[in-house]
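Here is coords_1.cif, consisting of mmCIF, C-alpha atoms:
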data_data
loop_
_atom_site.label_atom_id
_atom_site.label_comp_id
_atom_site.auth_asym_id
_atom_site.auth_seq_id
_atom_site.Cartn_x
_atom_site.Cartn_y
_atom_site.Cartn_z
CA MET A 30 150.75 111.15 51.17
CA HIS A 31 147.41 112.79 51.81
CA PRO A 32 147.56 116.36 50.43
CA LYS A 33 146.28 117.81 53.70
CA ILE A 34 149.06 116.24 55.75
CA ALA A 35 152.37 118.00 56.23
CA LEU A 36 155.49 115.97 57.07
CA ALA A 37 158.27 117.22 59.33
CA LEU A 38 161.41 115.40 60.44
CA CYS A 39 162.64 115.58 64.05
CA ALA A 40 166.16 114.51 65.04
CA ALA A 41 165.21 112.29 67.96
CA PRO A 42 166.37 108.72 68.64
CA ALA A 43 162.97 107.36 69.66
CA LEU A 44 160.76 109.72 67.67
CA ALA A 45 161.21 110.37 64.00
CA LEU A 46 158.11 111.86 62.41
CA LEU A 47 155.48 114.48 63.01
CA LEU A 48 152.40 114.41 60.82
CA GLN A 49 150.36 117.52 61.42
CA GLU A 50 147.01 118.40 59.89
CA THR A 51 147.41 121.89 58.45
CA ARG A 52 144.10 122.68 56.76
CA SER A 53 141.18 120.95 58.43
CA THR A 54 140.81 120.95 62.21
CA ASP A 55 138.51 117.93 61.89
CA ALA A 56 141.28 115.69 60.56
CA PRO A 57 143.49 113.68 62.91
CA ALA A 58 146.95 114.65 64.08
CA LEU A 59 149.35 111.72 64.13
CA ALA A 60 152.35 111.07 66.37
CA TRP A 61 154.88 108.29 65.91
CA GLY A 62 156.82 106.59 68.70
CA ASP A 63 157.95 103.07 69.58
CA PHE A 64 155.86 102.83 72.75
CA ASP A 65 156.10 99.02 73.00
CA ALA A 66 159.89 98.94 72.50
CA ASP A 67 159.86 96.40 69.67
CA GLY A 68 161.91 98.55 67.29
CA LEU A 69 158.92 99.59 65.16
CA ALA A 70 157.36 103.05 65.07
CA ASP A 71 153.85 102.89 66.50
CA LEU A 72 151.17 105.50 66.03
CA ALA A 73 148.99 107.71 68.20
CA THR A 74 146.13 109.71 66.72
CA ILE A 75 144.18 112.58 68.23
CA VAL A 76 141.03 114.13 66.80
CA PRO A 77 139.21 117.19 68.12
CA ASP A 78 136.24 115.94 70.19
CA GLY A 79 137.19 112.37 69.34
CA PRO A 80 139.03 109.58 71.15
CA LEU A 81 142.79 109.18 71.44
CA ARG A 82 143.84 106.00 69.65
CA LEU A 83 147.07 104.04 70.01
CA LEU A 84 147.98 101.84 67.06
CA ARG A 85 150.70 99.16 67.24
CA ASN A 86 152.91 98.68 64.21
CA LEU A 87 152.80 95.01 63.15
CA GLY A 88 155.83 95.37 60.89
CA ASP A 89 154.03 94.42 57.69
CA GLY A 90 152.56 97.82 56.86
CA SER A 91 149.49 97.31 59.02
CA PHE A 92 148.54 98.53 62.50
CA GLU A 93 146.51 97.06 65.35
CA ASP A 94 144.36 99.24 67.61
CA VAL A 95 145.69 98.61 71.12
CA THR A 96 144.04 101.58 72.82
CA ALA A 97 141.97 99.47 75.21
CA ALA A 98 144.94 97.31 76.21
CA SER A 99 147.17 100.35 76.69
CA GLY A 100 145.24 101.57 79.71
CA VAL A 101 144.87 105.10 78.27
CA ALA A 102 141.35 106.42 77.71
CA ALA A 103 141.02 110.04 76.60
CA ARG A 104 138.83 112.15 74.34
CA GLY A 105 139.24 115.61 72.87
CA VAL A 106 142.99 115.68 73.51
CA ARG A 107 144.46 119.07 72.59
CA HIS A 108 148.13 118.15 72.72
CA ALA A 109 150.08 114.90 72.88
CA ALA A 110 153.79 114.15 73.21
CA PHE A 111 155.83 110.98 73.56
CA VAL A 112 158.72 111.69 75.92
CA ASP A 113 160.84 109.68 78.36
CA VAL A 114 160.16 111.76 81.48
CA ASP A 115 161.64 109.36 84.04
CA ALA A 116 164.73 108.42 81.97
CA ASP A 117 164.03 104.70 82.09
CA GLY A 118 164.41 104.24 78.34
CA ARG A 119 160.68 103.80 77.79
CA LEU A 120 158.40 106.37 76.18
CA ASP A 121 155.81 108.05 78.37
CA LEU A 122 152.72 109.80 77.02
CA PHE A 123 151.99 113.42 77.97
CA LEU A 124 148.53 114.82 77.20
CA LEU A 125 146.60 118.04 77.52
CA GLY A 126 142.92 117.19 77.88
CA PRO A 127 139.97 119.09 76.43
CA ASP A 128 140.04 121.41 79.45
CA GLY A 129 143.79 121.91 79.15
CA ARG A 130 144.60 119.84 82.22
CA PRO A 131 147.95 118.04 81.83
CA ALA A 132 148.26 114.30 82.35
CA LEU A 133 151.20 111.92 82.21
CA HIS A 134 150.93 108.21 81.47
CA ARG A 135 154.12 106.34 82.29
CA GLY A 136 155.16 103.81 79.66
CA LEU A 137 155.72 100.27 80.90
CA GLY A 138 157.67 99.29 77.79
CA ASP A 139 155.21 96.70 76.51
CA GLY A 140 152.62 99.03 75.01
CA ALA A 141 150.79 99.59 78.29
CA PHE A 142 150.74 102.78 80.35
CA GLU A 143 149.90 103.72 83.94
CA ASP A 144 148.58 107.07 85.10
CA ALA A 145 151.42 108.97 86.77
CA THR A 146 149.84 112.43 86.73
CA ALA A 147 149.75 112.87 90.49
CA ALA A 148 153.02 111.06 91.13
CA CYS A 149 154.96 113.29 88.74
CA GLY A 150 153.54 116.50 90.23
CA LEU A 151 151.06 117.49 87.52
CA GLY A 152 147.91 116.93 89.58
CA GLY A 153 147.54 120.54 90.69
CA VAL A 154 148.94 122.26 87.63
CA ALA A 155 146.74 124.88 85.96
CA PRO A 156 145.20 124.22 82.54
CA ALA A 157 147.46 124.93 79.60
CA THR A 158 146.98 125.73 75.95
CA GLY A 159 150.29 124.27 74.83
CA ALA A 160 153.46 122.54 75.94
CA ARG A 161 157.06 122.44 74.77
CA TRP A 162 159.74 120.04 75.96
CA SER A 163 163.48 120.76 76.17
CA ASP A 164 166.42 120.22 78.49
CA TYR A 165 166.70 123.88 79.44
CA ASP A 166 169.40 123.41 82.11
CA GLY A 167 171.48 120.81 80.29
CA ASP A 168 171.21 118.16 82.99
CA GLY A 169 170.17 115.43 80.56
CA HIS A 170 166.50 115.40 81.57
CA VAL A 171 163.69 116.93 79.54
CA ASP A 172 161.73 119.74 81.18
CA VAL A 173 158.37 121.11 80.09
CA GLU A 174 157.19 124.65 79.42
CA LEU A 175 153.42 125.09 79.76
CA THR A 176 151.56 128.04 78.28
CA THR A 177 148.71 129.01 80.59
CA ALA A 178 146.20 131.85 80.85
CA THR A 179 148.45 133.57 83.39
CA GLY A 180 151.70 133.12 81.50
CA VAL A 181 154.40 130.55 80.94
CA ARG A 182 155.17 127.98 83.62
CA LEU A 183 158.38 125.98 83.42
CA LEU A 184 158.48 122.63 85.22
CA HIS A 185 161.89 121.17 86.00
CA ASN A 186 162.45 117.42 85.66
CA ASP A 187 164.36 115.94 88.60
CA GLY A 188 165.43 112.93 86.50
CA ARG A 189 163.24 110.50 88.43
CA GLY A 190 159.96 111.41 86.76
CA ALA A 191 158.91 114.31 88.99
CA LEU A 192 158.18 117.75 87.50
CA ARG A 193 158.45 120.77 89.78
CA GLU A 194 157.84 124.42 88.96
CA SER A 195 161.01 126.49 88.66
CA GLY A 196 160.44 130.20 89.21
CA HIS A 197 163.68 131.34 87.59
CA ALA A 198 163.87 128.80 84.81
CA TRP A 199 162.01 130.72 82.11
CA ALA A 200 164.40 133.65 82.44
CA ALA A 201 167.30 131.23 82.09
CA VAL A 202 165.87 129.79 78.88
CA ARG A 203 165.37 133.22 77.34
CA ALA A 204 168.88 134.27 78.41
CA ASP A 205 170.49 131.25 76.72
CA PRO A 206 169.32 130.90 73.11
CA ASP A 207 171.86 128.11 72.62
CA ALA A 208 169.93 125.89 75.04
CA ALA A 209 167.60 124.80 72.26
CA ALA A 210 170.55 123.54 70.24
CA THR A 211 171.56 121.09 72.96
CA ALA A 212 168.04 120.03 73.90
CA PRO A 213 166.81 116.63 72.69
CA ALA A 214 164.14 116.86 70.01
CA ILE A 215 160.77 115.73 71.31
CA LEU A 216 157.76 114.90 69.20
CA ALA A 217 154.58 116.70 70.11
CA VAL A 218 151.29 117.06 68.31
CA ASP A 219 148.94 119.97 68.80
CA PRO A 220 145.94 120.23 66.45
CA ALA A 221 145.88 123.99 66.95
CA ALA A 222 149.52 124.62 65.98
CA ALA A 223 151.88 123.13 63.42
CA ALA A 224 155.11 124.18 65.16
CA VAL A 225 157.50 121.46 66.25
CA PRO A 226 158.62 121.90 69.90
CA GLY A 227 162.16 123.18 70.19
CA THR A 228 161.99 125.07 66.90
CA PRO A 229 161.06 128.70 66.26
CA GLY A 230 157.32 129.13 65.87
#

Will you turn the file into C-alpha cells for me?
Amino acid sequence: MHPKIALALCAAPALALLLQETRSTDAPALAWGDFDADGLADLATIVPDGPLRLLRNLGDGSFEDVTAASGVAARGVRHAAFVDVDADGRLDLFLLGPDGRPALHRGLGDGAFEDATAACGLGGVAPATGARWSDYDGDGHVDVELTTATGVRLLHNDGRGALRESGHAWAAVRADPDAAATAPAILAVDPAAAAVPGTPG
C-alpha cells in the first residue's frame, strides 16, 4: 500500500473500504462501491481541482475508466459518498461540488447514473462543507446531516428518494447517542477530513 494512504474498514454490505489521503491534499481520495451491481467493488476517485473518475472493476485486478459512460461529469469535488438513498438496492452517488453545492446522481444499477438533485429536494439546499449519513430516526432509510456556514442542517429521507429538512431532527440525534450504533455504515470521502461518517471525529 502507498505509504501516504490510510486504510479504514466500514461495516457496510455494499461498501467495504475507505482509502483516505492523509498527508498530501494533492493526492486522490478513493471510494469503493459496487455501482454496477456485478458483485465487484468498483472505484471512484476525487482530486482537488481535478475530475471525478469512476473506474469499473474488471475482476482481474484491473479497472476500466467508465466516467464518460456513467453520465456523471464533475470537477473539484469536495466530498463523495455512495449511498442507496431511494432504497432500490442500487448505489446512488452523492457529491459536494467545489462550491459546496450538494448533488445526487441516482444509480441505475448498470454503472450509469442520472441527475436526481432537483427530484430529491437538494436543488435549493445551501452550500455545505461536509456531510454525514445515518438513519437517525431508525426508520430504515439513511438521512443526511449537512454542515453549512449557518449551522447543521438535517435532511430526512422519506424512503422514496426525497430528502426534506427536519427542524427538530438534529436535537433528536444529539439526544440519542445510541442512534449511531443502529445506523448503517456509509462510505464517504472528504479530502479535507479523514473521519469516517458515523464515527466520532

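The spacing separating CA of Gly105 (chain A) from CA of Phe92 (chain A) amounts to 22.0 Å.
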
Practice task
Might you spell out which residues the PyMOL selection byres ((chain A and resi 74-86) around 9) would select in the displayed file, as a PyMOL selection string?
Solution key: chain A and resi 54-61+63-65+69-73+87-97+99+101-109+127+140+218-220

Practice task
With all atoms listed in the file counted, which protein, DNA or RNA residues have an atom no more than 9 Å from (166.2, 110.4, 87.3) in the file frame? Please answer as a VMD selection string.
Solution key: chain A and resid 114 to 117 170 186 to 191

Handout entry: For CA of Ala178 (chain A) and CA of Gly159 (chain A), the interatomic separation in Å (one decimal)
Key = 10.5 Å

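Here the PyMOL selection byres ((chain A and resi 111) around 6) matches the residues A:Ala110, A:Val112, A:Leu120, A:Asp121, A:Leu122.
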
Practice task
Quick one: pull the distance between CA of Gly138 (chain A) and CA of Leu124 (chain A), Å, one decimal.
Solution key: 18.0 Å

Exercise for the section: Any chance you could resolve the PyMOL selection byres ((chain A and resi 153) around 12) against this file and give the residues as JSON, numbers by chain? Expected result: {"A": [130, 131, 132, 146, 147, 148, 149, 150, 151, 152, 154, 155, 156, 157, 192, 193, 194]}

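Distance check against Arg182 (chain A) using only C-alpha atoms: of A:Asp166, A:Ala98, A:Arg161, A:Leu137, the minimum falls on A:Arg161.
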
Starting from the sparse input, extend region 112-129 of chain A to N, CA, C and O atoms and give the output as a short mmCIF file (atom, residue, chain, number, x, y, z; two decimals), in the coordinates of the input.
data_model
loop_
_atom_site.label_atom_id
_atom_site.label_comp_id
_atom_site.auth_asym_id
_atom_site.auth_seq_id
_atom_site.Cartn_x
_atom_site.Cartn_y
_atom_site.Cartn_z
N VAL A 112 157.48 111.20 75.32
CA VAL A 112 158.72 111.69 75.92
C VAL A 112 159.09 110.78 77.09
O VAL A 112 158.22 110.31 77.82
N ASP A 113 160.37 110.52 77.26
CA ASP A 113 160.84 109.68 78.36
C ASP A 113 161.10 110.57 79.58
O ASP A 113 162.22 111.02 79.81
N VAL A 114 160.07 110.82 80.36
CA VAL A 114 160.16 111.76 81.48
C VAL A 114 161.04 111.21 82.60
O VAL A 114 161.82 111.94 83.21
N ASP A 115 160.92 109.92 82.90
CA ASP A 115 161.64 109.36 84.04
C ASP A 115 162.96 108.70 83.66
O ASP A 115 163.59 108.03 84.49
N ALA A 116 163.40 108.88 82.42
CA ALA A 116 164.73 108.42 81.97
C ALA A 116 164.94 106.93 82.19
O ALA A 116 166.05 106.50 82.53
N ASP A 117 163.88 106.15 81.96
CA ASP A 117 164.03 104.70 82.09
C ASP A 117 164.15 104.01 80.74
O ASP A 117 164.15 102.78 80.66
N GLY A 118 164.26 104.80 79.67
CA GLY A 118 164.41 104.24 78.34
C GLY A 118 163.10 103.85 77.68
O GLY A 118 163.12 103.31 76.57
N ARG A 119 161.99 104.14 78.35
CA ARG A 119 160.68 103.80 77.79
C ARG A 119 159.86 105.07 77.60
O ARG A 119 159.86 105.95 78.47
N LEU A 120 159.16 105.16 76.48
CA LEU A 120 158.40 106.37 76.18
C LEU A 120 157.18 106.51 77.08
O LEU A 120 156.42 105.56 77.27
N ASP A 121 157.01 107.69 77.63
CA ASP A 121 155.81 108.05 78.37
C ASP A 121 154.92 108.89 77.46
O ASP A 121 155.37 109.39 76.42
N LEU A 122 153.68 109.06 77.84
CA LEU A 122 152.72 109.80 77.02
C LEU A 122 152.17 110.98 77.82
O LEU A 122 151.52 110.80 78.85
N PHE A 123 152.47 112.19 77.34
CA PHE A 123 151.99 113.42 77.97
C PHE A 123 150.81 113.95 77.16
O PHE A 123 150.86 114.02 75.93
N LEU A 124 149.74 114.34 77.86
CA LEU A 124 148.53 114.82 77.20
C LEU A 124 148.04 116.11 77.84
O LEU A 124 148.21 116.32 79.04
N LEU A 125 147.42 116.96 77.02
CA LEU A 125 146.60 118.04 77.52
C LEU A 125 145.17 117.70 77.13
O LEU A 125 144.86 117.54 75.94
N GLY A 126 144.30 117.57 78.13
CA GLY A 126 142.92 117.19 77.88
C GLY A 126 142.11 118.30 77.28
O GLY A 126 142.61 119.41 77.04
N PRO A 127 140.83 118.07 77.04
CA PRO A 127 139.97 119.09 76.43
C PRO A 127 139.86 120.36 77.26
O PRO A 127 139.59 121.43 76.73
N ASP A 128 140.07 120.24 78.57
CA ASP A 128 140.04 121.41 79.45
C ASP A 128 141.43 121.99 79.68
O ASP A 128 141.59 122.93 80.47
N GLY A 129 142.43 121.43 79.00
CA GLY A 129 143.79 121.91 79.15
C GLY A 129 144.56 121.31 80.31
O GLY A 129 145.73 121.64 80.51
#
